[in-house]
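J.: Have a look at the structure that comes next, please.
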Amino acid sequence: MPQDTKKYVERNVDGTQSAFSDRQAPWNTLGVVTDTALTAQEAIIAAQLDWTVEKMPLQTIVPTATGVSTIEVPNKFAMVRQHEVNGVGIVGVVGSRYTPVQNTDAFSFCTQLVDDGDALFESAGSLGNGRKVFMTMRLPREIRIGGEDLINHYLLVTTTHDGTEPMIASITGVRFACTNQITAITRNAKTQYRFRHSTSVDGRLQDARDALKLSWKYEDEFEVLANQMLDMKMSDNEYKQFVDMMFPIKVRKDEPSKRAVTMNETLKGELMGLWRADTQANIAGSRWAAYNSVVEYVDWFTPIKGANADVRRAERAIDGKGQAVKARAFKALLPA
């Protein structure tokens, strides 16, 4: 039987997973690994996303004096999935204004968004038995901070079929040296666009293009700021002060618990290790290295409780968990 969980990457009844990826970026520990990036149609097939959803009236059975009666639930609809392997199932309950976005439409949206008919996808998959679908597409421009530290940018799109989230298109960077998922807030360029499932995808395409600044305004600003941070030297003592500011000890009733002190010391020890790690070797002793140590901790060392840690860590990257911490670190390290 498929996993009955809202989060985990979907495992089909034949034992396969509904995901593909072509290398180990944060989200690329799920599903089938391929040798090369794929076209939209190839990615849909590789990730087993070639299924549809249909909005159907929701009914319930209620007892009556003579037996039972079937009545329709007002303004509520079941999202019914037709899956070739897993069969027919319900992925969620939505309202009357909800408009489905089929997986093929989401992939087409990505391709059109960047005006590139040859756009290639590096990963895609289904989470929670079809409740959520994600896809990542590498954007064509590379950035090298200081002429050496390589950053690739991706278009990450997520959409849900259960009405819990809007469709979200984001630009996110991945640092080659450690596959950190870079999240930076620049002064003038927005990097995320959200819209509800109440309008057609095609009708919002130009708005999304404008909001995401896919004319590379974001990359231009990011490159300038990152290079400024690389040029700003930072000592071990200054780094410790930065970490103390970013991660203060949690206090309850005016005094931290022994557990809080121990956890904080462990966290700061791991951050100091990352500050001096080989992944920062080519940028060592800079504010840019300080930022990347925090990003690396958030992506790869944040404690994950329970089973399936690798899967859940990948899902954190897809869901944008930890982005606020990364953005706060970036802002704190920017030149005044």
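Identifiers in this document derive from the order of the structure tokens: chains are assigned A, B, ..., residues are numbered from 1 separately in each chain, and ligands are numbered from 1 in order of occurrence.
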List the spatial neighbours of Met229 in chain A as a list in words - criterion: any atom at most 9 Å away, only C-alpha atoms, same-chain residues fewer than 3 positions off excluded.
T.: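 Result of the neighbour search: Val224, Leu225, Ala226, Met232, Lys233, Ser286, Arg287, Trp288, Ala289, Tyr291, Leu333, Leu334 and Pro335 of chain A.
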J.: Please produce a file of the residues just selected, as a short mmCIF file (atom, residue, chain, number, x, y, z; two decimals), in the first residue's frame, where the atoms kept are N, CA and C atoms.
T.:
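Listed below is the output, selection.cif:
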data_model
loop_
_atom_site.label_atom_id
_atom_site.label_comp_id
_atom_site.auth_asym_id
_atom_site.auth_seq_id
_atom_site.Cartn_x
_atom_site.Cartn_y
_atom_site.Cartn_z
N VAL A 224 26.71 41.07 -6.74
CA VAL A 224 27.40 42.25 -6.19
C VAL A 224 27.53 42.13 -4.67
N LEU A 225 26.43 41.79 -4.00
CA LEU A 225 26.43 41.70 -2.54
C LEU A 225 27.32 40.57 -2.04
N ALA A 226 27.26 39.41 -2.70
CA ALA A 226 28.09 38.28 -2.29
C ALA A 226 29.57 38.60 -2.45
N MET A 232 35.05 41.22 2.63
CA MET A 232 35.05 41.68 4.02
C MET A 232 35.57 40.57 4.92
N LYS A 233 36.76 40.75 5.46
CA LYS A 233 37.40 39.73 6.28
C LYS A 233 36.71 39.61 7.65
N SER A 286 36.03 35.09 5.63
CA SER A 286 35.23 36.19 5.07
C SER A 286 33.80 36.12 5.57
N ARG A 287 33.07 37.21 5.40
CA ARG A 287 31.65 37.20 5.76
C ARG A 287 30.87 36.23 4.86
N TRP A 288 31.33 36.06 3.63
CA TRP A 288 30.68 35.12 2.73
C TRP A 288 30.82 33.69 3.27
N ALA A 289 31.96 33.37 3.85
CA ALA A 289 32.15 32.07 4.48
C ALA A 289 31.26 31.93 5.71
N TYR A 291 28.34 33.33 6.20
CA TYR A 291 26.99 33.09 5.72
C TYR A 291 26.82 31.64 5.29
N LEU A 333 25.11 40.12 7.69
CA LEU A 333 26.47 40.15 7.19
C LEU A 333 26.68 41.13 6.04
N LEU A 334 25.60 41.74 5.57
CA LEU A 334 25.73 42.70 4.48
C LEU A 334 26.53 43.92 4.92
N PRO A 335 27.26 44.52 4.01
CA PRO A 335 27.95 45.78 4.36
C PRO A 335 26.95 46.86 4.74
#
J.: From a DSSP calculation on the backbone, collect every residue of range 93-135 of chain A in strand (DSSP E) and output the set as a list in words.
T.: Val93, Val94, Gly95, Phe121, Glu122, Ser123, Ala124, Gly125, Ser126, Leu127, Lys132, Val133, Phe134 and Met135 of chain A
J.: Next, the residues of the selection above should be written as a PDB file, in the first residue's frame with C-alpha atoms.
T.:
ATOM      1  CA  VAL A  93     -10.889  18.206  -0.037  1.00  0.00           C
ATOM      2  CA  VAL A  94     -11.215  21.714  -1.528  1.00  0.00           C
ATOM      3  CA  GLY A  95     -13.720  24.551  -1.807  1.00  0.00           C
ATOM      4  CA  PHE A 121      14.547  19.727 -15.262  1.00  0.00           C
ATOM      5  CA  GLU A 122      16.952  18.321 -12.685  1.00  0.00           C
ATOM      6  CA  SER A 123      14.408  16.888 -10.252  1.00  0.00           C
ATOM      7  CA  ALA A 124      10.700  16.366  -9.745  1.00  0.00           C
ATOM      8  CA  GLY A 125       8.515  14.307  -7.497  1.00  0.00           C
ATOM      9  CA  SER A 126       5.316  13.690  -5.590  1.00  0.00           C
ATOM     10  CA  LEU A 127       4.979  14.004  -1.818  1.00  0.00           C
ATOM     11  CA  LYS A 132       2.105  17.949  -3.292  1.00  0.00           C
ATOM     12  CA  VAL A 133       4.242  17.996  -6.438  1.00  0.00           C
ATOM     13  CA  PHE A 134       7.623  19.694  -6.901  1.00  0.00           C
ATOM     14  CA  MET A 135       9.987  20.322  -9.803  1.00  0.00           C
TER      15      MET A 135
END
J.: Identify, on the basis of only C-alpha atoms, every residue whose closest approach to Trp275 in chain A does not exceed 8 Å; exclude the query and any residue fewer than 5 positions from it along the same chain; express the result as a short mmCIF file (atom, residue, chain, number, x, y, z; two decimals) with N, CA and C atoms, in the first residue's frame.
T.:
data_model
loop_
_atom_site.label_atom_id
_atom_site.label_comp_id
_atom_site.auth_asym_id
_atom_site.auth_seq_id
_atom_site.Cartn_x
_atom_site.Cartn_y
_atom_site.Cartn_z
N GLN A 280 34.53 25.58 3.00
CA GLN A 280 34.74 27.04 3.00
C GLN A 280 36.19 27.39 2.63
N ALA A 284 37.57 31.18 2.89
CA ALA A 284 37.80 31.21 4.33
C ALA A 284 38.10 32.61 4.85
N ALA A 289 31.96 33.37 3.85
CA ALA A 289 32.15 32.07 4.48
C ALA A 289 31.26 31.93 5.71
N ALA A 290 31.12 33.01 6.47
CA ALA A 290 30.25 32.98 7.66
C ALA A 290 28.81 32.68 7.26
N SER A 293 28.46 29.03 6.21
CA SER A 293 28.51 28.08 7.33
C SER A 293 27.12 27.93 7.94
#
J.: Pick out the closest residue to Asp149 in chain A from this set: A:Thr199, A:Thr136, A:Asn227, A:Gly87. Count only C-alpha atoms.
T.: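 Residue with the minimum atom-to-atom distance to Asp149 in chain A: A:Asn227.
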J.: Which of these, A:Val91, A:Val85, A:Met263, A:Val101, has the shortest distance to Val13 in chain A once you count only C-alpha atoms?
T.: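 Looking at the shortest contact to Val13 in chain A, the residue is A:Val85.
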J.: Using only C-alpha atoms for the distances, tell me which of A:Ala78, A:Ile45, A:Val201, A:Leu58 is nearest to Cys110 in chain A.
T.: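 Using only C-alpha atoms, the shortest distance to Cys110 in chain A belongs to A:Val201.
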J.: Rank A:Ala43, A:Leu271, A:Val174, A:Ala324 by their smallest atom-to-atom distance to Ser18 in chain A, using only C-alpha atoms, and report the top residue only.
T.: A:Ala43
J.: Between CA of Gly269 in chain A and CA of Leu230 in chain A, what is the spacing in Å?
T.: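 For CA of Leu230 in chain A relative to CA of Gly269 in chain A, the distance reads 22.9 Å.
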J.: Taking the DSSP secondary structure from the backbone, can you list the residues of range 19-227 of chain A that are alpha helix (DSSP H), as JSON, numbers by chain?
T.: {"A": [40, 41, 42, 43, 44, 45, 46, 103, 104, 105, 106, 107, 108, 109, 110, 111, 112, 113, 205, 206, 207, 208, 209, 210, 211, 212, 217, 218, 219, 220, 221, 222, 223, 224, 225, 226, 227]}
J.: For the residues selected in the previous step, produce a file with N, CA and C atoms as a compact mmCIF listing (two decimals), in the first residue's frame.
T.:
# COMPACT_ATOMS: atom_id res chain seq x y z
N ALA A 40 10.57 18.49 -20.01
CA ALA A 40 9.36 18.42 -19.20
C ALA A 40 8.66 17.07 -19.35
N GLN A 41 8.49 16.61 -20.59
CA GLN A 41 7.80 15.35 -20.81
C GLN A 41 8.58 14.18 -20.26
N GLU A 42 9.91 14.20 -20.41
CA GLU A 42 10.74 13.13 -19.87
C GLU A 42 10.69 13.11 -18.34
N ALA A 43 10.71 14.31 -17.73
CA ALA A 43 10.68 14.40 -16.27
C ALA A 43 9.36 13.89 -15.71
N ILE A 44 8.26 14.21 -16.36
CA ILE A 44 6.95 13.75 -15.92
C ILE A 44 6.89 12.23 -15.89
N ILE A 45 7.45 11.60 -16.92
CA ILE A 45 7.44 10.14 -16.99
C ILE A 45 8.40 9.54 -15.97
N ALA A 46 9.63 10.11 -15.86
CA ALA A 46 10.63 9.57 -14.94
C ALA A 46 10.17 9.64 -13.50
N ASN A 103 -0.39 18.39 -13.34
CA ASN A 103 1.07 18.32 -13.34
C ASN A 103 1.67 18.78 -14.67
N THR A 104 1.04 18.38 -15.76
CA THR A 104 1.55 18.80 -17.07
C THR A 104 1.50 20.31 -17.22
N ASP A 105 0.47 20.95 -16.65
CA ASP A 105 0.36 22.41 -16.72
C ASP A 105 1.45 23.09 -15.89
N ALA A 106 1.79 22.50 -14.74
CA ALA A 106 2.83 23.07 -13.89
C ALA A 106 4.19 23.00 -14.59
N PHE A 107 4.49 21.89 -15.24
CA PHE A 107 5.74 21.77 -15.99
C PHE A 107 5.77 22.74 -17.16
N SER A 108 4.65 22.85 -17.86
CA SER A 108 4.57 23.79 -18.98
C SER A 108 4.76 25.22 -18.51
N PHE A 109 4.21 25.54 -17.34
CA PHE A 109 4.36 26.87 -16.74
C PHE A 109 5.84 27.19 -16.53
N CYS A 110 6.60 26.22 -16.00
CA CYS A 110 8.03 26.43 -15.76
C CYS A 110 8.76 26.74 -17.05
N THR A 111 8.48 25.95 -18.07
CA THR A 111 9.16 26.13 -19.36
C THR A 111 8.86 27.49 -19.96
N GLN A 112 7.59 27.88 -19.92
CA GLN A 112 7.20 29.17 -20.49
C GLN A 112 7.72 30.35 -19.66
N LEU A 113 7.85 30.13 -18.37
CA LEU A 113 8.26 31.21 -17.46
C LEU A 113 9.63 31.76 -17.81
N LEU A 205 0.83 34.16 -16.10
CA LEU A 205 2.20 33.92 -16.52
C LEU A 205 3.03 35.19 -16.58
N GLN A 206 2.50 36.24 -17.20
CA GLN A 206 3.27 37.48 -17.32
C GLN A 206 3.48 38.13 -15.96
N ASP A 207 2.48 38.07 -15.09
CA ASP A 207 2.64 38.59 -13.74
C ASP A 207 3.77 37.87 -13.02
N ALA A 208 3.83 36.55 -13.19
CA ALA A 208 4.88 35.78 -12.54
C ALA A 208 6.25 36.14 -13.09
N ARG A 209 6.36 36.32 -14.38
CA ARG A 209 7.63 36.72 -14.98
C ARG A 209 8.10 38.04 -14.39
N ASP A 210 7.18 38.98 -14.28
CA ASP A 210 7.55 40.29 -13.74
C ASP A 210 7.98 40.18 -12.28
N ALA A 211 7.23 39.42 -11.49
CA ALA A 211 7.50 39.34 -10.06
C ALA A 211 8.81 38.61 -9.77
N LEU A 212 9.12 37.59 -10.55
CA LEU A 212 10.31 36.81 -10.30
C LEU A 212 11.59 37.45 -10.84
N LYS A 217 17.73 40.38 -12.80
CA LYS A 217 17.97 41.47 -11.85
C LYS A 217 18.39 40.92 -10.49
N TYR A 218 17.75 39.86 -10.07
CA TYR A 218 18.11 39.26 -8.78
C TYR A 218 19.55 38.77 -8.79
N GLU A 219 19.92 38.02 -9.85
CA GLU A 219 21.27 37.50 -9.91
C GLU A 219 22.31 38.61 -9.93
N ASP A 220 22.00 39.70 -10.63
CA ASP A 220 22.93 40.83 -10.68
C ASP A 220 23.16 41.40 -9.28
N GLU A 221 22.08 41.63 -8.53
CA GLU A 221 22.21 42.20 -7.19
C GLU A 221 22.88 41.21 -6.24
N PHE A 222 22.50 39.94 -6.34
CA PHE A 222 23.07 38.93 -5.48
C PHE A 222 24.58 38.83 -5.69
N GLU A 223 25.01 38.83 -6.93
CA GLU A 223 26.44 38.71 -7.23
C GLU A 223 27.24 39.86 -6.64
N VAL A 224 26.71 41.07 -6.74
CA VAL A 224 27.40 42.25 -6.19
C VAL A 224 27.53 42.13 -4.67
N LEU A 225 26.43 41.79 -4.00
CA LEU A 225 26.43 41.70 -2.54
C LEU A 225 27.32 40.57 -2.04
N ALA A 226 27.26 39.41 -2.70
CA ALA A 226 28.09 38.28 -2.29
C ALA A 226 29.57 38.60 -2.45
N ASN A 227 29.93 39.28 -3.52
CA ASN A 227 31.33 39.67 -3.70
C ASN A 227 31.79 40.67 -2.65
J.: Skip Gly92 in chain A itself and residues of its chain fewer than 4 positions away, then list as a compact mmCIF listing (two decimals) with N, CA and C atoms, in the first residue's frame all residues within 9 Å of it, counting only C-alpha atoms.
T.:
# COMPACT_ATOMS: atom_id res chain seq x y z
N PHE A 77 -15.55 19.80 -2.29
CA PHE A 77 -15.29 18.89 -3.40
C PHE A 77 -14.09 18.00 -3.07
N ALA A 78 -14.15 16.78 -3.54
CA ALA A 78 -13.02 15.86 -3.39
C ALA A 78 -12.12 15.99 -4.61
N MET A 79 -10.80 16.03 -4.35
CA MET A 79 -9.83 16.00 -5.44
C MET A 79 -9.45 14.54 -5.67
N VAL A 80 -9.91 14.00 -6.79
CA VAL A 80 -9.75 12.58 -7.09
C VAL A 80 -8.61 12.40 -8.09
N ARG A 131 -0.42 14.62 -2.77
CA ARG A 131 -0.93 15.88 -2.25
C ARG A 131 -0.10 17.07 -2.74
N HIS A 161 -2.32 19.61 -4.57
CA HIS A 161 -3.61 19.19 -5.12
C HIS A 161 -4.67 19.05 -4.03
N ASP A 162 -4.31 19.44 -2.80
CA ASP A 162 -5.28 19.29 -1.70
C ASP A 162 -5.74 20.64 -1.15
N GLY A 163 -5.34 21.74 -1.80
CA GLY A 163 -5.81 23.06 -1.40
C GLY A 163 -5.11 23.66 -0.21
N THR A 164 -4.06 23.03 0.31
CA THR A 164 -3.41 23.54 1.52
C THR A 164 -2.43 24.67 1.24
J.: Counting only C-alpha atoms, which residue out of A:Met272, A:Leu267, A:Cys178, A:Val157 sits closest to Asp236 in chain A?
T.: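 Nearest candidate to Asp236 in chain A out of A:Met272, A:Leu267, A:Cys178, A:Val157: A:Met272.
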J.: So which one's closest to Gln241 in chain A, A:Ala332, A:Ala37, A:Arg97, A:Arg196? Using only C-alpha atoms, please.
T.: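 Selected residue with least distance to Gln241 in chain A: A:Ala332.
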J.: At what distance in Å, to one decimal, does CA of Asn129 in chain A lie from CA of Tyr193 in chain A?
T.: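 CA of Asn129 in chain A lies at a distance of 25.0 Å from CA of Tyr193 in chain A.
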J.: Hey, can you check how far CA of Ala260 in chain A sits from CA of Val325 in chain A?
T.: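 Distance reported for this atom pair: 18.7 Å.
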